[in-house]
Amino acid sequence: MQLTTPVTLQKNDIEITHKSNIMLLGSCFAQNIGNRLQAGKFNVCANPFGIIYNPLSIATVLQRTIDGEEFTAHSPEILESNERWHSILHHSDFSRRTKEELITAINSALHTAHACMQNADILIITFGTAYVYTRNSDGLVVSNCHKMPAKEFTRRLLSVDEITECMSRVLTPITEARPGVKIIFTVSPIRHLRDGAHDNQLSKATLLLAIELLQKRYMHNAAYFPAYEIVLDELRDYRFYADDMAHPAPIAVEYIWQQFADTHISSGSQALCHTIEDINRALAHRPFDAESNSYKEFVRNTLKKIDTVQREHPYLCFEKEIEQCNTLLNR
């Protein structure tokens, strides 16, 4: 008896290994996959401006990351609201009490992202919504309204052509300069219920059509991973959603990650991920008696596993894990 309608996934020529340099930008899916890749010790830079939902802001952030142009006290993106300083290109995680603190934080993240982008050979771009908010005072499209009054913004639905053109202006120079770069597009399965059920579907459909055109335009560089379809079609049940009925539940996130790994991560790197997971589980273990000889032997065996992995894969860094083991042994 078949109780689901599985989404057929096929291996393609975009293969991720532990030697890949990966940049992720976009919605929560990019953040979730980025977190999983970081836990597996892949070389990752994930959402250096924070979570971003709309394609115009993603294109702007990608271009800013490539250029490395710093933010200053006079940048139009910087503003004060509700006794906090914000950037309309950044998630509220970057907001600070003073302008100086904000600029330091966003420029630090920018420098890191700019350096990563120089060597990035895999781009993972996740669109969340085709709706954008434009600031009425200057026409800037914002990534985050930071709870400012709605009257200060105009909301509209992007067209398919707007999305493809804004992304192409950034992606074409990248692919021309580095023909080997690979791009994985996704559409976030998160339901933007504040838009309303119908408007959310219009938004997702617009994103899907735009990605279809981008895939054709960059057919030798681009692929689409169907995270949206997996949740909407294969996991078609509210038990796969969190309590807000909009975000995927942890079990759904885990399933999507496994599907993504099977599609895009090399078999060798998948095996290495399992070894790293075993090490992480061992370090997360909480014994009844941390002073016992048996537990200290357990920690020493974990150190041996780390040493074996490091000798086989010297490009991986286990500095924090080794320090944690030494701390446990020297109690």
# chains A, B, ... in the order shown; residues from 1 in each chain; ligands from 1
>>> residues_around(residues="Gly128 of chain A", least_positions_apart="4", cutoff="6 Å", atoms="only C-alpha atoms", output="PyMOL selection string")
chain A and resi 27+53-54+188
>>> residues_around(residues="Ala105 of chain A", least_positions_apart="4", cutoff="10 Å", atoms="only C-alpha atoms", output="PyMOL selection string")
chain A and resi 94-96+99-101+109-110
>>> select_by_dssp(residues="segment 142-206 of chain A", states="strand (DSSP E)", output="ChimeraX atom specification")
/A:142,153-157,182-187
>>> write_last_selection(atoms="N, CA and C atoms", output="mmCIF file, in the first residue's frame")
data_model
loop_
_atom_site.group_PDB
_atom_site.id
_atom_site.type_symbol
_atom_site.label_atom_id
_atom_site.label_comp_id
_atom_site.auth_asym_id
_atom_site.auth_seq_id
_atom_site.Cartn_x
_atom_site.Cartn_y
_atom_site.Cartn_z
ATOM 1 N N VAL A 142 13.196 46.567 0.655
ATOM 2 C CA VAL A 142 13.775 46.211 1.943
ATOM 3 C C VAL A 142 13.738 44.699 2.144
ATOM 4 N N PHE A 153 5.671 51.855 3.745
ATOM 5 C CA PHE A 153 6.062 50.914 2.701
ATOM 6 C C PHE A 153 4.906 50.645 1.740
ATOM 7 N N THR A 154 5.269 50.222 0.556
ATOM 8 C CA THR A 154 4.294 49.764 -0.427
ATOM 9 C C THR A 154 4.599 48.311 -0.765
ATOM 10 N N ARG A 155 3.581 47.486 -0.662
ATOM 11 C CA ARG A 155 3.743 46.048 -0.920
ATOM 12 C C ARG A 155 3.263 45.736 -2.331
ATOM 13 N N ARG A 156 4.038 44.895 -3.038
ATOM 14 C CA ARG A 156 3.610 44.492 -4.373
ATOM 15 C C ARG A 156 4.178 43.123 -4.719
ATOM 16 N N LEU A 157 3.576 42.500 -5.711
ATOM 17 C CA LEU A 157 4.022 41.194 -6.182
ATOM 18 C C LEU A 157 4.973 41.381 -7.359
ATOM 19 N N LYS A 182 28.467 26.372 -9.678
ATOM 20 C CA LYS A 182 27.171 25.700 -9.760
ATOM 21 C C LYS A 182 26.169 26.392 -8.848
ATOM 22 N N ILE A 183 24.915 26.457 -9.294
ATOM 23 C CA ILE A 183 23.862 27.158 -8.563
ATOM 24 C C ILE A 183 22.706 26.197 -8.317
ATOM 25 N N ILE A 184 22.316 26.055 -7.071
ATOM 26 C CA ILE A 184 21.148 25.239 -6.726
ATOM 27 C C ILE A 184 20.043 26.177 -6.254
ATOM 28 N N PHE A 185 18.954 26.226 -7.002
ATOM 29 C CA PHE A 185 17.803 27.039 -6.627
ATOM 30 C C PHE A 185 16.806 26.186 -5.849
ATOM 31 N N THR A 186 16.158 26.810 -4.882
ATOM 32 C CA THR A 186 15.053 26.157 -4.176
ATOM 33 C C THR A 186 13.974 27.200 -3.893
ATOM 34 N N VAL A 187 12.768 26.713 -3.647
ATOM 35 C CA VAL A 187 11.678 27.554 -3.156
ATOM 36 C C VAL A 187 11.333 27.079 -1.752
#
>>> residues_around(residues="segment 242-258 of chain A", least_positions_apart="5", cutoff="7 Å", atoms="only C-alpha atoms", output="VMD selection string")
chain A and resid 33 190 to 193 227
>>> write_last_selection(atoms="C-alpha atoms", output="compact mmCIF listing (two decimals), in the first residue's frame")
# COMPACT_ATOMS: atom_id res chain seq x y z
CA ILE A 33 20.56 23.39 5.10
CA ILE A 190 7.29 27.78 4.43
CA ARG A 191 3.74 29.04 3.96
CA HIS A 192 3.47 32.84 4.19
CA LEU A 193 -0.02 32.75 5.70
CA ALA A 227 12.02 21.29 -1.26
>>> residues_around(residues="Leu9 of chain A", least_positions_apart="5", cutoff="9 Å", atoms="only C-alpha atoms", output="list in words")
Phe225, Pro226, Gln259, Asp262 and Thr263 of chain A
>>> write_last_selection(atoms="N, CA and C atoms", output="PDB file, in the first residue's frame")
ATOM      1  N   PHE A 225      16.274  22.159  -6.656  1.00  0.00           N
ATOM      2  CA  PHE A 225      15.964  21.131  -5.665  1.00  0.00           C
ATOM      3  C   PHE A 225      14.549  21.357  -5.155  1.00  0.00           C
ATOM      4  N   PRO A 226      13.666  20.364  -5.260  1.00  0.00           N
ATOM      5  CA  PRO A 226      12.232  20.567  -4.996  1.00  0.00           C
ATOM      6  C   PRO A 226      11.822  20.478  -3.528  1.00  0.00           C
ATOM      7  N   GLN A 259      16.992  14.042   1.750  1.00  0.00           N
ATOM      8  CA  GLN A 259      16.751  14.051   0.309  1.00  0.00           C
ATOM      9  C   GLN A 259      17.787  14.922  -0.409  1.00  0.00           C
ATOM     10  N   ASP A 262      21.152  13.048  -0.408  1.00  0.00           N
ATOM     11  CA  ASP A 262      21.180  11.957  -1.381  1.00  0.00           C
ATOM     12  C   ASP A 262      21.277  12.477  -2.809  1.00  0.00           C
ATOM     13  N   THR A 263      20.755  13.688  -3.046  1.00  0.00           N
ATOM     14  CA  THR A 263      20.753  14.250  -4.390  1.00  0.00           C
ATOM     15  C   THR A 263      22.064  14.948  -4.729  1.00  0.00           C
TER      16      THR A 263
END
>>> residues_around(residues="segment 282-290 of chain A", least_positions_apart="4", cutoff="12 Å", atoms="only C-alpha atoms", output="list in words")
Thr275, Ile276, Glu277, Asp278, Ser294, Tyr295, Lys296, Glu297, Phe298, Val299, Arg300, Asn301, Thr302, Leu303, Lys305, Ile306, Lys320, Glu321, Ile322, Glu323, Gln324, Cys325, Asn326, Thr327, Leu328, Leu329, Asn330 and Arg331 of chain A
>>> write_last_selection(atoms="C-alpha atoms", output="short mmCIF file (atom, residue, chain, number, x, y, z; two decimals), in the first residue's frame")
data_model
loop_
_atom_site.label_atom_id
_atom_site.label_comp_id
_atom_site.auth_asym_id
_atom_site.auth_seq_id
_atom_site.Cartn_x
_atom_site.Cartn_y
_atom_site.Cartn_z
CA THR A 275 31.35 9.78 11.28
CA ILE A 276 31.22 13.43 12.34
CA GLU A 277 27.69 12.92 13.66
CA ASP A 278 28.95 10.02 15.80
CA SER A 294 34.97 4.38 32.13
CA TYR A 295 33.79 7.82 31.01
CA LYS A 296 37.34 9.12 30.65
CA GLU A 297 38.12 6.08 28.49
CA PHE A 298 35.03 6.93 26.43
CA VAL A 299 36.39 10.47 25.91
CA ARG A 300 39.85 9.14 25.00
CA ASN A 301 38.27 6.87 22.38
CA THR A 302 36.42 9.89 20.98
CA LEU A 303 39.76 11.71 20.72
CA LYS A 305 38.23 8.92 16.37
CA ILE A 306 38.89 12.63 15.84
CA LYS A 320 36.81 22.95 19.40
CA GLU A 321 36.09 19.24 19.73
CA ILE A 322 39.65 18.45 20.79
CA GLU A 323 39.57 21.28 23.33
CA GLN A 324 36.27 19.95 24.70
CA CYS A 325 37.72 16.45 25.07
CA ASN A 326 40.82 17.76 26.85
CA THR A 327 38.63 19.79 29.22
CA LEU A 328 36.58 16.68 30.05
CA LEU A 329 39.74 14.64 30.69
CA ASN A 330 41.35 17.26 32.91
CA ARG A 331 38.44 17.74 35.29
#
>>> select_by_dssp(residues="segment 155-228 of chain A", states="alpha helix (DSSP H)", output="number ranges by chain")
A: 160-177, 197-217, 227-228
>>> closest_residue(among="A:Asn82, A:Thr104, A:Ser20, A:Ser87", to="Leu140 of chain A", atoms="only C-alpha atoms")
A:Ser87
>>> atom_distance(atom1="atom CA of Pro173 of chain A", atom2="atom CA of Ile16 of chain A")
22.4 Å
